[in-house]
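**Q** Sharing a structure, written as structure tokens. Questions coming.
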Amino acid sequence: GYWAHSCEFRVFGTEKDVVSLGGRELEDLAFNALAATSSFCDNNHTQKKAFDGDNTTFWYADNNAYPQWLCADLGLPCDVRNIKQTFVEKDVWSFIIEGSNDNKKWDLLADCRSGIAGTEYVKELNGVYRYIKLTILDAKSKSRAGSRSLVIKGFGSPRNATWWEETSGMTRYYPKYYRQTLNSIKDSLDILQAQGYRNIELSAIYEGDPSVWGGLGATNNYAIDPSIGTLEDFEDLLREVHARDMRLTFFGNVGYCWYKAPFFEKACDDQRNGVYSKERNWFHFSDKKLNDNWFWSDRAQAYYYSCWGNSDGAEGRIPSYNFNNWEWQEECRNYLDFWADKGVDGILLDAPEVYDGITDDIINESIIKVLNRRGILTNAEGASNIEKWISRFDFKLIQGFDMYGWGGGKRSEVLNARRNQNPCELNGKLKSYRDRIVALGATTITPPMWEIPATNEERLFELAYLISMGTVVINHYGDHHSDYIAQLILDKWPQKDQKKFYDLIRLQNGYNGLAPMGQRTCIPSNDDSKYTVFKRSNKDGKVSALVIMNFQNSTETISVNLKNTGILLGQTPL
């Protein structure tokens, strides 16, 4: 019943390169913008090189074919007043520039189809757009399409952080394994949104038996499993997710299939009959059992390779695809293109480090160039060589194995520290893993460890630590390694405890100082063997948080010296 009012209203911003236009200062709206492209030649010439403010770097297309395009996503609609495109090489360039607010309906902003000579083109504009797209149609001397820089200036509040760098609260579904339809997930979106979840991850929704790894082995890579819905249901779910400003990611697999897949049965028949076919070449057959990963097929009259096979034969029913063969490499690209073209916000891959015959060059050509050109979230599940997957291949999400382990090696470092009432080891683990990953330009993804029984209070403490340290928190709606369903356990909690759980999920999304991406700086307390204190910030360091956690079983007085932390004593904690 209070009257509307405001005690104080403050607006914070950042300094940016500006130019003057009619007495007003224009910002560089596209600096470090999220971008997508038709292709790029290698990871030193990706689309983001056109927006990094460095004239020595540039985007280069993968080949000399035309057309090629480059699209900047400003994150929010902005008042665009000026565009400057700088080509890599001198030529007579034929191109157009378009603007859009929904990435579907485009306005023509510059029509240069007749050709512009040289390397630079400047255009004054006056319109509100979120997306700016450059399409290079041709070049007189057939120079390769590229952009040294695409500078977009105007007024507004562009978002340079990607959604996975500043939002959290992901929940993973195993629809086939738990018999959840896509429509039932769609009907739950309002509840999930109210609980604080911003990202929905769907695991192995294509056709395939759910009995091994939650159904990751496919029988048809291009169709939704009939037990959970149709492609139309999937597209409808995706639209409803986006209508709520939420994200949908696809957890898929290009490593193996189910042994009853029609294309594997055809490969076995062709192997037995000595018939050449692409399906036969998709798999690795041998007349001899070379090691324990080779399994006999009566149908093929040969052994086939299965990376995840074991002696009981269950996982031996998931034959590995053969990345040594160019025909599977091409099929892999088709598979990833198919799901990415549906408009998903990210594609997460099952254990790509152990794909049969995989090499760095094959990863780059068959996976990276398909996914990274779209600027979507990428995750190499189970990756151990994080420098390679982040620095070389520009993957954006890595499992937070510093804090947890699942399956046979289940562990929760936070629960261990809480039960021992000593957080000393946690900081070292974060410095060597989470903080290092952030410094490389990626984020971690970490779940509460529901596999380890805990009291509600312990679980809430674990979650509080995860959302404070800076990671994408994921709460699995089930797990294909055991019979527990985390969400069903949570649903049985008392309402007051459920409220605390979802308050924490909402907190990370509601306060940018706790964003997944951002710095974490340790601050000494009066006893670091009992308490942990650190300062968190978002990606650009403009919003911060002071985290103080007590690992004791009693109320404690904790002293912190805030000198040189940038945190003022006069501030009121949220």
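How things are named: the first chain in the structure tokens is A, the next is B, and so on; residues count from 1 in each chain; ligands count from 1 in the order shown.
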Pick out the residues sitting within 10 Å of Leu137 in chain A, and hand them over as a PDB file with N, CA and C atoms, in the first residue's frame; count only C-alpha atoms, and ignore anything fewer than 6 positions along from it in its own chain.
**A**
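Done, and the output landed in out-v2.pdb:
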```
ATOM      1  N   ALA A  65      34.703 -18.304 -51.689  1.00  0.00           N
ATOM      2  CA  ALA A  65      33.326 -18.373 -52.192  1.00  0.00           C
ATOM      3  C   ALA A  65      32.526 -17.163 -51.701  1.00  0.00           C
ATOM      4  N   TYR A  66      31.510 -16.804 -52.455  1.00  0.00           N
ATOM      5  CA  TYR A  66      30.590 -15.717 -52.100  1.00  0.00           C
ATOM      6  C   TYR A  66      29.159 -16.223 -52.242  1.00  0.00           C
ATOM      7  N   PRO A  67      28.209 -15.646 -51.442  1.00  0.00           N
ATOM      8  CA  PRO A  67      28.409 -14.551 -50.479  1.00  0.00           C
ATOM      9  C   PRO A  67      28.963 -15.060 -49.139  1.00  0.00           C
ATOM     10  N   GLN A  68      29.484 -14.118 -48.352  1.00  0.00           N
ATOM     11  CA  GLN A  68      29.903 -14.360 -46.973  1.00  0.00           C
ATOM     12  C   GLN A  68      29.305 -13.244 -46.114  1.00  0.00           C
ATOM     13  N   TRP A  69      28.978 -13.561 -44.869  1.00  0.00           N
ATOM     14  CA  TRP A  69      28.352 -12.529 -44.036  1.00  0.00           C
ATOM     15  C   TRP A  69      28.943 -12.491 -42.624  1.00  0.00           C
ATOM     16  N   TRP A  93      34.536  -3.890 -53.870  1.00  0.00           N
ATOM     17  CA  TRP A  93      33.698  -4.761 -53.061  1.00  0.00           C
ATOM     18  C   TRP A  93      32.216  -4.524 -53.350  1.00  0.00           C
ATOM     19  N   SER A  94      31.497  -5.619 -53.543  1.00  0.00           N
ATOM     20  CA  SER A  94      30.048  -5.571 -53.695  1.00  0.00           C
ATOM     21  C   SER A  94      29.433  -6.130 -52.409  1.00  0.00           C
ATOM     22  N   PHE A  95      28.616  -5.303 -51.720  1.00  0.00           N
ATOM     23  CA  PHE A  95      28.100  -5.739 -50.421  1.00  0.00           C
ATOM     24  C   PHE A  95      26.849  -4.954 -50.054  1.00  0.00           C
ATOM     25  N   ILE A  96      26.139  -5.441 -49.054  1.00  0.00           N
ATOM     26  CA  ILE A  96      25.027  -4.720 -48.450  1.00  0.00           C
ATOM     27  C   ILE A  96      25.192  -4.762 -46.931  1.00  0.00           C
ATOM     28  N   CYS A 112      25.471  -1.411 -51.620  1.00  0.00           N
ATOM     29  CA  CYS A 112      26.712  -1.197 -52.383  1.00  0.00           C
ATOM     30  C   CYS A 112      26.936  -2.352 -53.346  1.00  0.00           C
ATOM     31  N   ARG A 113      25.871  -2.841 -53.914  1.00  0.00           N
ATOM     32  CA  ARG A 113      25.981  -3.969 -54.840  1.00  0.00           C
ATOM     33  C   ARG A 113      26.709  -3.594 -56.118  1.00  0.00           C
ATOM     34  N   GLY A 115      29.369  -1.864 -56.216  1.00  0.00           N
ATOM     35  CA  GLY A 115      30.808  -1.927 -55.959  1.00  0.00           C
ATOM     36  C   GLY A 115      31.375  -0.663 -55.355  1.00  0.00           C
ATOM     37  N   ALA A 145      36.717 -12.644 -48.739  1.00  0.00           N
ATOM     38  CA  ALA A 145      35.880 -11.807 -47.878  1.00  0.00           C
ATOM     39  C   ALA A 145      36.464 -11.737 -46.472  1.00  0.00           C
TER      40      ALA A 145
END
```
**Q** Neighbours of Tyr256 in chain A within 6 Å (only C-alpha atoms; same-chain residues fewer than 6 positions away dropped), as a PyMOL selection string?
**A** chain A and resi 217+318-321
**Q** Keeping only C-alpha atoms, write those residues as a PDB file, in the first residue's frame.
**A**
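Writing the result to out-v2.pdb gives the following:
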```pdb
ATOM      1  CA  GLY A 217      23.289 -43.529 -28.573  1.00  0.00           C
ATOM      2  CA  ILE A 318      27.226 -48.224 -28.759  1.00  0.00           C
ATOM      3  CA  PRO A 319      29.633 -48.435 -31.723  1.00  0.00           C
ATOM      4  CA  SER A 320      31.889 -45.391 -32.067  1.00  0.00           C
ATOM      5  CA  TYR A 321      31.854 -43.229 -35.181  1.00  0.00           C
TER       6      TYR A 321
END
```
**Q** For Lys388 in chain A, please output as a ChimeraX atom specification all residues within 10 Å (counting only C-alpha atoms; exclusion window: fewer than 6 positions along the same chain).
**A** /A:360,394-395
**Q** Can you spit out the residues from that selection as a PDB file, in the first residue's frame, using C-alpha atoms?
**A**
```pdb
ATOM      1  CA  ASP A 360      43.009 -31.269 -33.432  1.00  0.00           C
ATOM      2  CA  ASP A 394      37.312 -21.234 -28.114  1.00  0.00           C
ATOM      3  CA  PHE A 395      34.885 -23.451 -26.185  1.00  0.00           C
TER       4      PHE A 395
END
```
**Q** In Å to one decimal, how far is CA of Asn550 in chain A from CA of Gln487 in chain A?
**A**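 Those two atoms sit 26.9 Å apart.
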**Q** Could you give me, as JSON lines, every range 110-224 of chain A residue with an atom at most 10 Å from range 375-380 of chain A, plus its closest atom pair and distance in Å to one decimal, counting only C-alpha atoms, rows ordered by chain then number?
**A**
```
{"residue": "A:Thr162", "atom": "CA", "partner": "A:Leu377", "partner_atom": "CA", "distance": 8.9}
{"residue": "A:Trp163", "atom": "CA", "partner": "A:Leu377", "partner_atom": "CA", "distance": 8.8}
{"residue": "A:Trp164", "atom": "CA", "partner": "A:Leu377", "partner_atom": "CA", "distance": 7.3}
{"residue": "A:Glu165", "atom": "CA", "partner": "A:Leu377", "partner_atom": "CA", "distance": 10.0}
```
**Q** Please identify all polymer residues within 7 Å of Gly470 in chain A, counting only C-alpha atoms, omitting same-chain residues fewer than 5 positions from it, and present them as a list of chain:residue names.
**A**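 Contacts, in chain order: A:Leu514, A:Ala515, A:Pro516, A:Met517.
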**Q** Please list as a ChimeraX atom specification every residue within 12 Å of Asp298 in chain A, counting only C-alpha atoms and excluding residues in the same chain fewer than 5 positions away.
**A** /A:265,268-269,271-272,303-304
**Q** What's the 8 Å shell around Gly252 in chain A, counting only C-alpha atoms, without same-chain residues fewer than 2 positions away, as a PyMOL selection string?
**A** chain A and resi 203-204+216+250+254+347-350
**Q** Save the residues we just selected, N, CA, C and O atoms, as a PDB file, in the first residue's frame?
**A**
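Output contents, as saved in selection.pdb:
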```pdb
ATOM      1  N   SER A 203      18.912 -33.236 -22.951  1.00  0.00           N
ATOM      2  CA  SER A 203      19.919 -34.242 -23.250  1.00  0.00           C
ATOM      3  C   SER A 203      19.340 -35.348 -24.118  1.00  0.00           C
ATOM      4  O   SER A 203      18.304 -35.936 -23.782  1.00  0.00           O
ATOM      5  N   ALA A 204      20.010 -35.610 -25.231  1.00  0.00           N
ATOM      6  CA  ALA A 204      19.726 -36.771 -26.083  1.00  0.00           C
ATOM      7  C   ALA A 204      18.254 -36.890 -26.443  1.00  0.00           C
ATOM      8  O   ALA A 204      17.605 -37.903 -26.174  1.00  0.00           O
ATOM      9  N   LEU A 216      22.030 -41.467 -25.161  1.00  0.00           N
ATOM     10  CA  LEU A 216      22.945 -40.720 -26.029  1.00  0.00           C
ATOM     11  C   LEU A 216      23.252 -41.458 -27.330  1.00  0.00           C
ATOM     12  O   LEU A 216      23.638 -40.842 -28.314  1.00  0.00           O
ATOM     13  N   PHE A 250      21.262 -27.735 -26.272  1.00  0.00           N
ATOM     14  CA  PHE A 250      21.089 -29.101 -26.760  1.00  0.00           C
ATOM     15  C   PHE A 250      22.335 -29.905 -26.394  1.00  0.00           C
ATOM     16  O   PHE A 250      23.444 -29.548 -26.791  1.00  0.00           O
ATOM     17  N   VAL A 254      28.209 -36.806 -31.060  1.00  0.00           N
ATOM     18  CA  VAL A 254      28.684 -37.232 -32.377  1.00  0.00           C
ATOM     19  C   VAL A 254      29.789 -38.266 -32.221  1.00  0.00           C
ATOM     20  O   VAL A 254      30.619 -38.454 -33.111  1.00  0.00           O
ATOM     21  N   ILE A 347      25.257 -25.812 -27.971  1.00  0.00           N
ATOM     22  CA  ILE A 347      25.373 -27.250 -28.206  1.00  0.00           C
ATOM     23  C   ILE A 347      26.503 -27.775 -27.333  1.00  0.00           C
ATOM     24  O   ILE A 347      27.633 -27.295 -27.401  1.00  0.00           O
ATOM     25  N   LEU A 348      26.158 -28.733 -26.487  1.00  0.00           N
ATOM     26  CA  LEU A 348      27.115 -29.335 -25.572  1.00  0.00           C
ATOM     27  C   LEU A 348      27.383 -30.757 -26.031  1.00  0.00           C
ATOM     28  O   LEU A 348      26.442 -31.525 -26.291  1.00  0.00           O
ATOM     29  N   LEU A 349      28.656 -31.113 -26.145  1.00  0.00           N
ATOM     30  CA  LEU A 349      29.033 -32.391 -26.739  1.00  0.00           C
ATOM     31  C   LEU A 349      29.514 -33.375 -25.680  1.00  0.00           C
ATOM     32  O   LEU A 349      30.233 -33.000 -24.747  1.00  0.00           O
ATOM     33  N   ASP A 350      29.139 -34.629 -25.856  1.00  0.00           N
ATOM     34  CA  ASP A 350      29.495 -35.679 -24.917  1.00  0.00           C
ATOM     35  C   ASP A 350      30.925 -36.156 -25.160  1.00  0.00           C
ATOM     36  O   ASP A 350      31.216 -36.775 -26.174  1.00  0.00           O
TER      37      ASP A 350
END
```
**Q** Would you list, as a PyMOL selection string, the residues of range 333-379 of chain A that end up in strand (DSSP E) under DSSP run on this structure's backbone?
**A** chain A and resi 346-349+377-379
**Q** Write the selection just made, keeping N, CA, C and O atoms, as a PDB file, in the first residue's frame?
**A**
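Saved to again11.pdb:
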```pdb
ATOM      1  N   GLY A 346      22.885 -23.124 -27.572  1.00  0.00           N
ATOM      2  CA  GLY A 346      24.161 -23.755 -27.305  1.00  0.00           C
ATOM      3  C   GLY A 346      24.100 -25.232 -27.641  1.00  0.00           C
ATOM      4  O   GLY A 346      23.026 -25.846 -27.636  1.00  0.00           O
ATOM      5  N   ILE A 347      25.257 -25.812 -27.971  1.00  0.00           N
ATOM      6  CA  ILE A 347      25.373 -27.250 -28.206  1.00  0.00           C
ATOM      7  C   ILE A 347      26.503 -27.775 -27.333  1.00  0.00           C
ATOM      8  O   ILE A 347      27.633 -27.295 -27.401  1.00  0.00           O
ATOM      9  N   LEU A 348      26.158 -28.733 -26.487  1.00  0.00           N
ATOM     10  CA  LEU A 348      27.115 -29.335 -25.572  1.00  0.00           C
ATOM     11  C   LEU A 348      27.383 -30.757 -26.031  1.00  0.00           C
ATOM     12  O   LEU A 348      26.442 -31.525 -26.291  1.00  0.00           O
ATOM     13  N   LEU A 349      28.656 -31.113 -26.145  1.00  0.00           N
ATOM     14  CA  LEU A 349      29.033 -32.391 -26.739  1.00  0.00           C
ATOM     15  C   LEU A 349      29.514 -33.375 -25.680  1.00  0.00           C
ATOM     16  O   LEU A 349      30.233 -33.000 -24.747  1.00  0.00           O
ATOM     17  N   LEU A 377      26.810 -20.973 -27.333  1.00  0.00           N
ATOM     18  CA  LEU A 377      27.516 -21.629 -26.239  1.00  0.00           C
ATOM     19  C   LEU A 377      28.033 -22.991 -26.696  1.00  0.00           C
ATOM     20  O   LEU A 377      27.318 -23.754 -27.340  1.00  0.00           O
ATOM     21  N   THR A 378      29.280 -23.302 -26.347  1.00  0.00           N
ATOM     22  CA  THR A 378      29.847 -24.607 -26.649  1.00  0.00           C
ATOM     23  C   THR A 378      30.467 -25.187 -25.388  1.00  0.00           C
ATOM     24  O   THR A 378      31.038 -24.469 -24.573  1.00  0.00           O
ATOM     25  N   ASN A 379      30.344 -26.487 -25.223  1.00  0.00           N
ATOM     26  CA  ASN A 379      30.886 -27.172 -24.053  1.00  0.00           C
ATOM     27  C   ASN A 379      31.445 -28.519 -24.479  1.00  0.00           C
ATOM     28  O   ASN A 379      30.764 -29.286 -25.157  1.00  0.00           O
TER      29      ASN A 379
END
```
**Q** Given the choices A:Asp190, A:Trp450, A:Pro573, A:Phe263, which gets closest to Ala545 in chain A if the distance is worked out from only C-alpha atoms?
**A** A:Pro573
**Q** For each of A:Ala442, A:Cys41, A:Leu192, A:Ile152, take the minimum atom-to-atom distance to Glu387 in chain A, counting only C-alpha atoms, then give the residue where this is smallest.
**A**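 Distance minimum relative to Glu387 in chain A lands on A:Ala442.
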**Q** In range 458-537 of chain A, what's helix (DSSP H, G or I) per DSSP? Answer as a PyMOL selection string?
**A** chain A and resi 458-469+486-491+495-510+512-514
**Q** Quick one, how far is CA of Gln399 in chain A from CA of Leu371 in chain A?
**A**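 CA of Gln399 in chain A sits 18.7 Å away from CA of Leu371 in chain A.
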**Q** Between CA of Asn82 in chain A and CA of Tyr121 in chain A, measure the distance and give it in Å to one decimal.
**A**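 Between these atoms lies a distance of 10.7 Å.
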**Q** Between A:Ser211, A:Leu440, A:Lys542, A:Phe551, single out the one closest to Ile567 in chain A, counting only C-alpha atoms.
**A**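 For Ile567 in chain A, the nearest of the candidates is A:Lys542.
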